[in-house]
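A.B. asks: One file is attached below, start-v4.txt, containing compact mmCIF, C-alpha atoms.
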```txt
# COMPACT_ATOMS: atom_id res chain seq x y z
CA MET A 1 139.07 143.46 134.28
CA LEU A 2 136.07 141.56 135.66
CA ALA A 3 134.38 141.53 132.25
CA TYR A 4 137.58 140.16 130.70
CA ILE A 5 137.75 137.35 133.28
CA LEU A 6 134.09 136.45 132.68
CA ARG A 7 134.64 136.31 128.93
CA ARG A 8 137.66 134.09 129.39
CA LEU A 9 135.70 131.77 131.69
CA ILE A 10 132.88 131.43 129.16
CA LEU A 11 135.37 130.71 126.37
CA ALA A 12 137.11 128.18 128.62
CA LEU A 13 133.82 126.36 129.24
CA ILE A 14 133.04 126.24 125.51
CA THR A 15 136.56 124.99 124.81
CA VAL A 16 136.24 122.20 127.38
CA ILE A 17 132.96 121.05 125.79
CA ALA A 18 134.59 121.05 122.35
CA ILE A 19 137.57 119.08 123.72
CA SER A 20 135.25 116.46 125.23
CA ILE A 21 133.47 115.99 121.89
CA LEU A 22 136.67 115.81 119.86
CA SER A 23 138.42 113.44 122.26
CA PHE A 24 135.46 111.05 122.30
CA VAL A 25 134.99 111.14 118.51
CA ILE A 26 138.70 110.75 117.65
CA ILE A 27 139.01 107.67 119.86
CA GLN A 28 136.08 106.14 117.96
CA LEU A 29 137.62 106.79 114.52
CA PRO A 30 139.85 103.68 114.27
CA PRO A 31 137.97 100.58 113.05
CA GLY A 32 136.60 98.34 115.79
CA ASP A 33 136.26 99.02 119.49
CA PHE A 34 137.39 97.64 122.83
CA ILE A 35 135.56 94.35 122.22
CA THR A 36 137.44 93.95 118.93
CA SER A 37 140.76 94.44 120.73
CA TYR A 38 139.63 92.05 123.46
CA ILE A 39 138.77 89.34 120.93
CA ALA A 40 142.13 89.84 119.18
CA SER A 41 144.05 89.50 122.46
CA MET A 42 142.07 86.37 123.39
CA SER A 43 142.74 84.83 119.99
CA ALA A 44 146.46 85.60 120.29
CA GLY A 45 146.49 83.77 123.62
CA GLY A 46 144.70 80.73 122.17
CA GLY A 47 141.29 81.53 123.66
CA THR A 48 137.95 81.95 121.93
CA VAL A 49 134.94 84.20 122.49
CA SER A 50 131.50 83.18 121.32
CA GLU A 51 129.12 85.52 119.52
CA ALA A 52 126.78 85.45 122.49
CA GLU A 53 129.57 86.60 124.80
CA VAL A 54 130.52 89.36 122.35
CA GLU A 55 126.96 90.65 122.21
CA ALA A 56 126.65 90.47 125.98
CA LEU A 57 129.86 92.45 126.44
CA ARG A 58 128.78 95.10 123.93
CA GLU A 59 125.46 95.47 125.74
CA GLN A 60 127.15 95.52 129.15
CA TYR A 61 129.51 98.35 128.18
CA GLY A 62 126.95 100.19 126.03
CA LEU A 63 129.00 99.75 122.87
CA ASP A 64 125.94 98.59 120.91
CA GLN A 65 124.46 102.10 121.08
CA PRO A 66 125.09 105.01 118.68
CA ILE A 67 128.13 107.19 119.40
CA THR A 68 125.93 110.18 120.31
CA VAL A 69 124.15 108.16 122.99
CA GLN A 70 127.48 106.88 124.33
CA TYR A 71 128.86 110.43 124.49
CA LEU A 72 125.81 111.88 126.24
CA LYS A 73 125.89 109.10 128.83
CA TRP A 74 129.60 109.68 129.40
CA VAL A 75 129.14 113.45 129.80
CA SER A 76 126.18 113.01 132.16
CA GLN A 77 128.34 110.74 134.31
CA ILE A 78 131.21 113.26 134.29
CA VAL A 79 128.89 116.00 135.58
CA GLN A 80 128.11 113.70 138.50
CA GLY A 81 131.80 113.09 139.16
CA ASN A 82 131.81 109.62 137.55
CA PHE A 83 134.09 109.16 134.53
CA GLY A 84 132.75 105.73 133.63
CA MET A 85 134.37 102.31 133.74
CA ALA A 86 137.88 101.53 132.55
CA LEU A 87 136.95 98.60 130.29
CA GLU A 88 140.29 96.82 130.33
CA TRP A 89 140.68 97.20 134.09
CA ASN A 90 136.98 96.62 134.86
CA ARG A 91 137.22 99.34 137.50
CA PRO A 92 135.97 102.95 137.69
CA VAL A 93 138.20 105.33 135.75
CA LYS A 94 138.73 107.62 138.74
CA ASP A 95 140.11 104.66 140.74
CA VAL A 96 142.51 103.72 137.93
CA ILE A 97 143.93 107.21 137.38
CA GLY A 98 143.57 108.52 140.95
CA ASP A 99 147.12 108.43 142.36
CA ARG A 100 148.67 108.40 138.88
CA LEU A 101 147.09 111.77 138.05
CA THR A 102 148.32 113.29 141.32
CA LEU A 103 151.86 112.02 140.73
CA THR A 104 151.73 113.24 137.11
CA VAL A 105 150.83 116.75 138.25
CA ILE A 106 153.61 116.70 140.87
CA ILE A 107 156.23 115.61 138.33
CA SER A 108 155.00 118.15 135.78
CA LEU A 109 155.11 121.01 138.28
CA ALA A 110 158.60 119.95 139.38
CA ALA A 111 159.76 119.93 135.74
CA VAL A 112 158.24 123.38 135.15
CA ILE A 113 159.90 124.78 138.30
CA PHE A 114 163.23 123.32 137.17
CA THR A 115 162.77 124.85 133.70
CA TRP A 116 162.01 128.30 135.07
CA ALA A 117 164.67 128.22 137.79
CA VAL A 118 167.42 127.31 135.32
CA ALA A 119 166.32 128.95 132.06
CA LEU A 120 165.46 132.39 133.44
CA PRO A 121 168.80 133.36 135.06
CA ILE A 122 170.88 131.68 132.33
CA GLY A 123 168.86 133.40 129.60
CA ILE A 124 169.34 136.79 131.28
CA TYR A 125 173.07 136.16 131.73
CA SER A 126 173.51 135.05 128.10
CA ALA A 127 171.74 138.17 126.84
CA VAL A 128 173.61 140.63 129.07
CA LYS A 129 176.99 138.91 128.55
CA ARG A 130 176.47 137.93 124.94
CA TYR A 131 179.44 136.47 123.07
CA SER A 132 181.27 135.92 126.35
CA ILE A 133 182.82 132.58 127.31
CA GLY A 134 179.87 131.86 129.62
CA ASP A 135 177.41 132.64 126.82
CA TYR A 136 179.19 130.22 124.48
CA ILE A 137 179.26 127.51 127.17
CA PHE A 138 175.56 127.85 127.94
CA THR A 139 174.72 127.94 124.23
CA PHE A 140 176.67 124.71 123.69
CA ILE A 141 174.94 123.04 126.65
CA GLY A 142 171.57 124.29 125.37
CA PHE A 143 172.12 122.75 121.93
CA ILE A 144 173.05 119.45 123.59
CA GLY A 145 169.86 119.61 125.65
CA LEU A 146 167.78 120.18 122.52
CA ALA A 147 169.52 117.40 120.60
CA ILE A 148 169.31 114.60 123.20
CA PRO A 149 165.86 112.93 123.36
CA GLY A 150 164.36 112.58 126.81
CA PHE A 151 164.23 108.78 126.69
CA MET A 152 167.95 108.62 125.76
CA LEU A 153 168.83 110.86 128.69
CA ALA A 154 166.72 108.61 130.91
CA LEU A 155 168.65 105.56 129.70
CA ILE A 156 171.96 107.33 130.35
CA VAL A 157 170.84 108.24 133.88
CA LEU A 158 169.80 104.64 134.56
CA TYR A 159 173.13 103.32 133.25
CA VAL A 160 175.17 105.75 135.35
CA GLY A 161 173.13 104.86 138.42
CA PHE A 162 173.63 101.13 137.96
CA ARG A 163 177.23 101.28 136.75
CA TYR A 164 178.80 103.76 139.15
CA PHE A 165 176.45 103.95 142.13
CA ASN A 166 174.95 100.44 142.12
CA ALA A 167 171.51 101.99 142.55
CA ASN A 168 168.23 101.95 140.67
CA VAL A 169 167.35 105.60 140.09
CA GLY A 170 164.06 104.79 138.34
CA GLY A 171 160.61 105.06 139.86
CA LEU A 172 159.25 107.57 142.32
CA PHE A 173 159.33 105.47 145.48
CA SER A 174 161.57 103.01 147.24
CA PRO A 175 160.27 99.41 147.16
CA GLU A 176 158.97 99.60 150.73
CA TYR A 177 156.85 102.67 149.93
CA ALA A 178 155.59 101.74 146.44
CA GLU A 179 152.34 100.15 147.67
CA ALA A 180 152.24 101.71 151.14
CA PRO A 181 149.53 104.22 152.10
CA TRP A 182 150.43 107.89 152.09
CA SER A 183 152.40 109.10 155.09
CA TRP A 184 155.01 111.73 155.87
CA ALA A 185 157.77 109.16 155.33
CA LYS A 186 156.35 108.23 151.91
CA PHE A 187 156.11 111.90 150.94
CA GLN A 188 159.75 112.44 151.91
CA ASP A 189 160.69 109.39 149.83
CA LEU A 190 158.81 110.92 146.88
CA LEU A 191 160.73 114.19 147.24
CA ALA A 192 164.01 112.26 147.33
CA HIS A 193 163.19 110.51 144.03
CA LEU A 194 161.61 113.55 142.32
CA PRO A 195 164.69 115.49 141.07
CA ILE A 196 165.81 112.92 138.47
CA PRO A 197 162.52 112.68 136.51
CA ALA A 198 162.03 116.45 136.87
CA VAL A 199 165.45 117.15 135.34
CA VAL A 200 165.05 114.52 132.59
CA LEU A 201 161.61 115.83 131.58
CA GLY A 202 162.48 119.50 131.94
CA LEU A 203 165.89 119.57 130.26
CA SER A 204 164.67 119.88 126.67
CA GLY A 205 162.22 122.66 127.58
CA THR A 206 164.94 124.38 129.62
CA ALA A 207 167.33 124.50 126.67
CA GLN A 208 164.59 125.89 124.44
CA MET A 209 163.49 128.55 126.93
CA ILE A 210 167.11 129.70 127.45
CA ARG A 211 167.37 130.48 123.74
CA ILE A 212 163.99 132.24 123.71
CA MET A 213 164.79 134.32 126.79
CA ARG A 214 168.18 135.31 125.38
CA SER A 215 166.85 136.42 121.99
CA ASN A 216 163.86 138.31 123.43
CA LEU A 217 165.95 140.12 126.03
CA LEU A 218 168.53 141.09 123.39
CA ASP A 219 165.73 142.73 121.38
CA GLU A 220 164.49 144.63 124.42
CA LEU A 221 167.96 145.83 125.46
CA ARG A 222 168.36 147.61 122.10
CA LYS A 223 165.17 149.68 122.49
CA PRO A 224 165.19 153.42 123.26
CA TYR A 225 163.57 153.18 126.68
CA VAL A 226 166.54 151.16 127.96
CA MET A 227 168.96 153.83 126.70
CA THR A 228 166.80 156.49 128.38
CA ALA A 229 166.90 154.60 131.70
CA ARG A 230 170.68 154.39 131.50
CA ALA A 231 170.89 158.10 130.70
CA ARG A 232 168.88 158.90 133.82
CA GLY A 233 171.61 157.29 135.92
CA LEU A 234 169.82 154.10 136.98
CA THR A 235 172.01 151.20 138.00
CA GLU A 236 172.58 148.53 135.36
CA MET A 237 170.80 145.92 137.48
CA ARG A 238 167.71 148.12 137.80
CA VAL A 239 167.79 149.03 134.11
CA ILE A 240 167.75 145.36 133.11
CA LEU A 241 165.31 143.96 135.67
CA LYS A 242 162.82 146.83 135.80
CA TYR A 243 161.26 146.51 132.34
CA PRO A 244 163.29 144.54 129.73
CA VAL A 245 163.24 141.31 131.72
CA ARG A 246 159.53 141.66 132.50
CA VAL A 247 158.70 142.12 128.83
CA ALA A 248 161.07 139.33 127.73
CA MET A 249 159.36 136.96 130.19
CA ASN A 250 156.21 136.92 128.04
CA PRO A 251 157.18 133.62 126.33
CA PHE A 252 157.74 132.00 129.72
CA ILE A 253 154.30 133.00 130.94
CA SER A 254 152.48 132.30 127.67
CA THR A 255 153.82 128.72 127.63
CA ILE A 256 152.10 127.81 130.90
CA GLY A 257 149.00 126.86 128.92
CA TYR A 258 150.62 124.01 127.02
CA LEU A 259 153.74 123.23 129.04
CA LEU A 260 152.03 121.00 131.62
CA PRO A 261 150.08 118.85 129.12
CA TYR A 262 153.14 118.81 126.84
CA ILE A 263 155.22 117.36 129.66
CA VAL A 264 152.52 114.78 130.40
CA SER A 265 152.07 113.68 126.78
CA GLY A 266 155.77 113.87 126.01
CA SER A 267 156.72 111.82 129.07
CA ILE A 268 155.18 108.54 127.91
CA ILE A 269 158.44 106.93 126.73
CA VAL A 270 160.43 108.54 129.55
CA SER A 271 157.90 107.23 132.08
CA LEU A 272 158.22 103.74 130.62
CA VAL A 273 162.03 103.91 130.80
CA LEU A 274 162.14 105.32 134.35
CA SER A 275 159.14 103.24 135.55
CA LEU A 276 157.21 106.35 136.56
CA PRO A 277 153.60 105.74 137.71
CA THR A 278 152.11 108.55 135.60
CA VAL A 279 149.10 108.70 133.29
CA GLY A 280 151.30 108.74 130.17
CA PRO A 281 151.85 104.95 129.91
CA LEU A 282 148.25 104.45 131.02
CA LEU A 283 147.03 106.62 128.14
CA LEU A 284 149.15 104.67 125.65
CA LYS A 285 147.76 101.36 126.90
CA ALA A 286 144.19 102.68 126.81
CA LEU A 287 144.58 103.91 123.22
CA ILE A 288 145.98 100.55 122.09
CA ALA A 289 143.08 98.74 123.76
CA GLN A 290 140.59 101.36 122.44
CA ASP A 291 139.33 101.88 125.98
CA MET A 292 137.36 104.99 125.08
CA PHE A 293 136.29 105.95 128.60
CA LEU A 294 139.77 105.76 130.13
CA ALA A 295 141.55 107.32 127.15
CA GLY A 296 138.84 109.95 126.69
CA THR A 297 139.00 110.94 130.36
CA ILE A 298 142.79 111.33 130.31
CA ILE A 299 142.67 113.39 127.09
CA LEU A 300 139.85 115.50 128.54
CA LEU A 301 141.87 116.15 131.71
CA LEU A 302 144.88 117.17 129.61
CA GLY A 303 142.63 119.57 127.70
CA VAL A 304 141.27 121.02 130.95
CA MET A 305 144.85 121.50 132.17
CA THR A 306 145.60 123.38 128.95
CA VAL A 307 142.56 125.63 129.33
CA ILE A 308 143.31 126.39 132.98
CA GLY A 309 146.98 127.04 132.20
CA THR A 310 146.07 129.37 129.34
CA PHE A 311 143.66 131.30 131.58
CA ILE A 312 146.33 131.69 134.26
CA SER A 313 148.94 132.77 131.70
CA ASP A 314 146.56 135.43 130.31
CA LEU A 315 146.07 136.91 133.77
CA LEU A 316 149.81 136.83 134.50
CA LEU A 317 150.59 138.50 131.17
CA MET A 318 148.22 141.36 132.02
CA TRP A 319 150.04 141.80 135.34
CA VAL A 320 153.59 141.56 133.95
CA ASP A 321 153.29 143.43 130.64
CA PRO A 322 151.92 147.01 130.88
CA ARG A 323 151.23 147.04 127.13
CA ILE A 324 148.58 144.34 127.48
CA ARG A 325 146.85 146.24 130.27
CA LEU A 326 146.73 149.35 128.11
CA GLU A 327 145.31 147.38 125.17
CA ARG A 328 142.52 146.05 127.41
CA ARG A 329 141.61 149.63 128.34
```
What is this file in structure tokens?

C.D. replies:
Amino acid sequence: MLAYILRRLILALITVIAISILSFVIIQLPPGDFITSYIASMSAGGGTVSEAEVEALREQYGLDQPITVQYLKWVSQIVQGNFGMALEWNRPVKDVIGDRLTLTVIISLAAVIFTWAVALPIGIYSAVKRYSIGDYIFTFIGFIGLAIPGFMLALIVLYVGFRYFNANVGGLFSPEYAEAPWSWAKFQDLLAHLPIPAVVLGLSGTAQMIRIMRSNLLDELRKPYVMTARARGLTEMRVILKYPVRVAMNPFISTIGYLLPYIVSGSIIVSLVLSLPTVGPLLLKALIAQDMFLAGTIILLLGVMTVIGTFISDLLLMWVDPRIRLERR
């Protein structure tokens, strides 16, 4: 077990290094750089930038150096806890993404909890009571959840809030707490606003996981060990929950690795519609401006979240599924 964990940690470290290289290189692939985007925006606004100013800016931000030198400087700063300067904001990256990253993680965790809390019992019910009226109802609702894009659902929620409740359901804070320092009252206000974005972001994944749980559990319920458990006189609840559900939960656990970053990356349009202060819109703006340090840091953090989630899911799978433990032996 310990050797397995050490191997996974070493692979995780190598993966993070590869992600940092790829994220930095991919951002550099489009023609031009941040200075090019800056000149274009100045020209669109009627301003001009002299060649001397361009050269001074390139030297100031280190954009006149080879990409390998830029990457090594960026990595050396990351090791020291400094992610560089957000060029467009002219502020340190960690200051720009500080609260946004925390709020993004909170929203993502809330969406994952909603997905698990809804998809798991409904999936079990649909498998045990297949072809019942409840199964058909949940299947219909699941197809609707898969078909409706998140941004459209967000627009519908906003319309209903304005039209029938005369309230703005967007954002994560009330106006009086938006810029206020953190306090217990602000945290309570965050919890009051959290359910709507969590449901909007988690609905599509919930519908998908219901179908996966249903199909996997149906396969397990047909296997001989379930018939043997019934023959031994175990109660139906114990027969279903003891092993079939644990084995059918493998897809739930294995998706931890990519579910959090998927929610973050897939929430860009939803965050814009609901005015959520997450890193999604910030990443989009940084990519458009070719702000390599800000965009590269956000992509790197998403990659680290994926690696950590995958590592956790591997450990949970070994605990839940006896077959994996036996394979490791």

A.B. asks: CA of Lys94 in chain A and CA of Leu282 in chain A are how many Å apart?

C.D. replies: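 That distance, rounded to one decimal, is 12.7 Å.
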
A.B. asks: May I have a table of the residues of range 194-294 of chain A lying at most 9 Å from range 100-118 of chain A, giving each one's closest pair of atoms and their distance in Å to one decimal, counting all atoms listed in the file, ordered by chain and ascending residue number, as a Markdown table?

C.D. replies:
```
| residue | atom | partner | partner_atom | distance |
| --- | --- | --- | --- | --- |
| A:Leu194 | CA | A:Ile107 | CA | 7.0 |
| A:Pro195 | CA | A:Ala110 | CA | 7.7 |
| A:Pro197 | CA | A:Ile107 | CA | 7.2 |
| A:Ala198 | CA | A:Ala111 | CA | 4.3 |
| A:Val199 | CA | A:Ala111 | CA | 6.3 |
| A:Val200 | CA | A:Ala111 | CA | 8.2 |
| A:Leu201 | CA | A:Ala111 | CA | 6.1 |
| A:Gly202 | CA | A:Ala111 | CA | 4.7 |
| A:Leu203 | CA | A:Thr115 | CA | 7.0 |
| A:Ser204 | CA | A:Thr115 | CA | 8.8 |
| A:Gly205 | CA | A:Thr115 | CA | 6.5 |
| A:Thr206 | CA | A:Thr115 | CA | 4.6 |
| A:Ala207 | CA | A:Thr115 | CA | 8.4 |
| A:Met209 | CA | A:Thr115 | CA | 7.7 |
| A:Ile210 | CA | A:Val118 | CA | 8.2 |
| A:Phe252 | CA | A:Trp116 | CA | 7.8 |
| A:Ile256 | CA | A:Val112 | CA | 8.7 |
| A:Leu259 | CA | A:Val112 | CA | 7.6 |
| A:Leu260 | CA | A:Ser108 | CA | 5.9 |
| A:Pro261 | CA | A:Ser108 | CA | 8.3 |
| A:Ile263 | CA | A:Ser108 | CA | 6.2 |
| A:Val264 | CA | A:Ser108 | CA | 6.8 |
| A:Leu276 | CA | A:Thr104 | CA | 8.8 |
| A:Pro277 | CA | A:Arg100 | CA | 5.7 |
| A:Thr278 | CA | A:Arg100 | CA | 4.8 |
| A:Val279 | CA | A:Arg100 | CA | 5.6 |
| A:Gly280 | CA | A:Thr104 | CA | 8.3 |
| A:Leu282 | CA | A:Arg100 | CA | 8.8 |
```

A.B. asks: For a test of reading the model, state the distance in Å between CA of Ser23 in chain A and CA of Ile269 in chain A, rounded to one decimal.

C.D. replies: 21.5 Å

A.B. asks: State, in Å with one decimal place, the distance from CA of Ile196 in chain A to CA of Leu302 in chain A.

C.D. replies: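 Between these atoms lies a distance of 23.1 Å.
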
A.B. asks: Just the residues within 12 Å of range 49-57 of chain A, please, counting all atoms listed in the file, with nothing from its chain fewer than 5 positions along; format it as a list of chain:residue names.

C.D. replies: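 Once the nearby chain positions are removed, what remains is A:Asp33, A:Phe34, A:Ile35, A:Thr36, A:Ser37, A:Tyr38, A:Ile39, A:Ala40, A:Ser41, A:Met42, A:Ser43, A:Ala44, A:Gly62, A:Leu63, A:Asp64, A:Gln65, A:Leu87, A:Glu88, A:Asn90.
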
A.B. asks: Would you mind telling me which residue in A:Leu284, A:Ile137, A:Ile27, A:Val273 lies nearest to Gly170 in chain A when using only C-alpha atoms?

C.D. replies: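 Closest to Gly170 in chain A, using only C-alpha atoms: A:Val273.
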
A.B. asks: What's the 12 Å shell around Leu2 in chain A, counting all atoms listed in the file, without same-chain residues fewer than 5 positions away, as a PDB file with C-alpha atoms, keeping the file's coordinate frame?

C.D. replies:
```pdb
ATOM      1  CA  ARG A   7     134.640 136.310 128.930  1.00  0.00           C
ATOM      2  CA  ARG A   8     137.660 134.090 129.390  1.00  0.00           C
ATOM      3  CA  LEU A   9     135.700 131.770 131.690  1.00  0.00           C
ATOM      4  CA  LEU A 315     146.070 136.910 133.770  1.00  0.00           C
ATOM      5  CA  ARG A 328     142.520 146.050 127.410  1.00  0.00           C
TER       6      ARG A 328
END
```

A.B. asks: Contacts of range 242-247 of chain A at 12 Å or less, counting only C-alpha atoms, minus same-chain residues fewer than 2 places along, as number ranges by chain?

C.D. replies: A: 120-121, 123-125, 127-128, 213-227, 229-230, 234-240, 249-254, 316-324

A.B. asks: Which residues come within 12 Å of Leu22 in chain A, counting all atoms listed in the file, excluding same-chain residues fewer than 2 positions away, as a short mmCIF file (atom, residue, chain, number, x, y, z; two decimals) with C-alpha atoms, keeping the file's coordinate frame?

C.D. replies:
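Result file follows (out29.cif):
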```
data_model
loop_
_atom_site.label_atom_id
_atom_site.label_comp_id
_atom_site.auth_asym_id
_atom_site.auth_seq_id
_atom_site.Cartn_x
_atom_site.Cartn_y
_atom_site.Cartn_z
CA THR A 15 136.56 124.99 124.81
CA VAL A 16 136.24 122.20 127.38
CA ILE A 17 132.96 121.05 125.79
CA ALA A 18 134.59 121.05 122.35
CA ILE A 19 137.57 119.08 123.72
CA SER A 20 135.25 116.46 125.23
CA PHE A 24 135.46 111.05 122.30
CA VAL A 25 134.99 111.14 118.51
CA ILE A 26 138.70 110.75 117.65
CA ILE A 27 139.01 107.67 119.86
CA GLN A 28 136.08 106.14 117.96
CA LEU A 29 137.62 106.79 114.52
CA TYR A 71 128.86 110.43 124.49
CA GLY A 296 138.84 109.95 126.69
CA THR A 297 139.00 110.94 130.36
CA ILE A 299 142.67 113.39 127.09
CA LEU A 300 139.85 115.50 128.54
CA GLY A 303 142.63 119.57 127.70
#
```

A.B. asks: Residues near Phe173 in chain A, anyone? I mean within 12 Å using all atoms listed in the file, not counting same-chain ones fewer than 3 positions away, as a ChimeraX atom specification.

C.D. replies: /A:103,168-170,176-182,185-194,197,274-277

A.B. asks: From the options A:Phe311, A:Leu72, A:Ala3, A:Gly171, which residue's atoms come nearest to Leu158 in chain A, counting only C-alpha atoms?

C.D. replies: A:Gly171

A.B. asks: Would you mind telling me which residue in A:Ile144, A:Ala86, A:Met152, A:Ile21 lies nearest to Val270 in chain A when using only C-alpha atoms?

C.D. replies: A:Met152
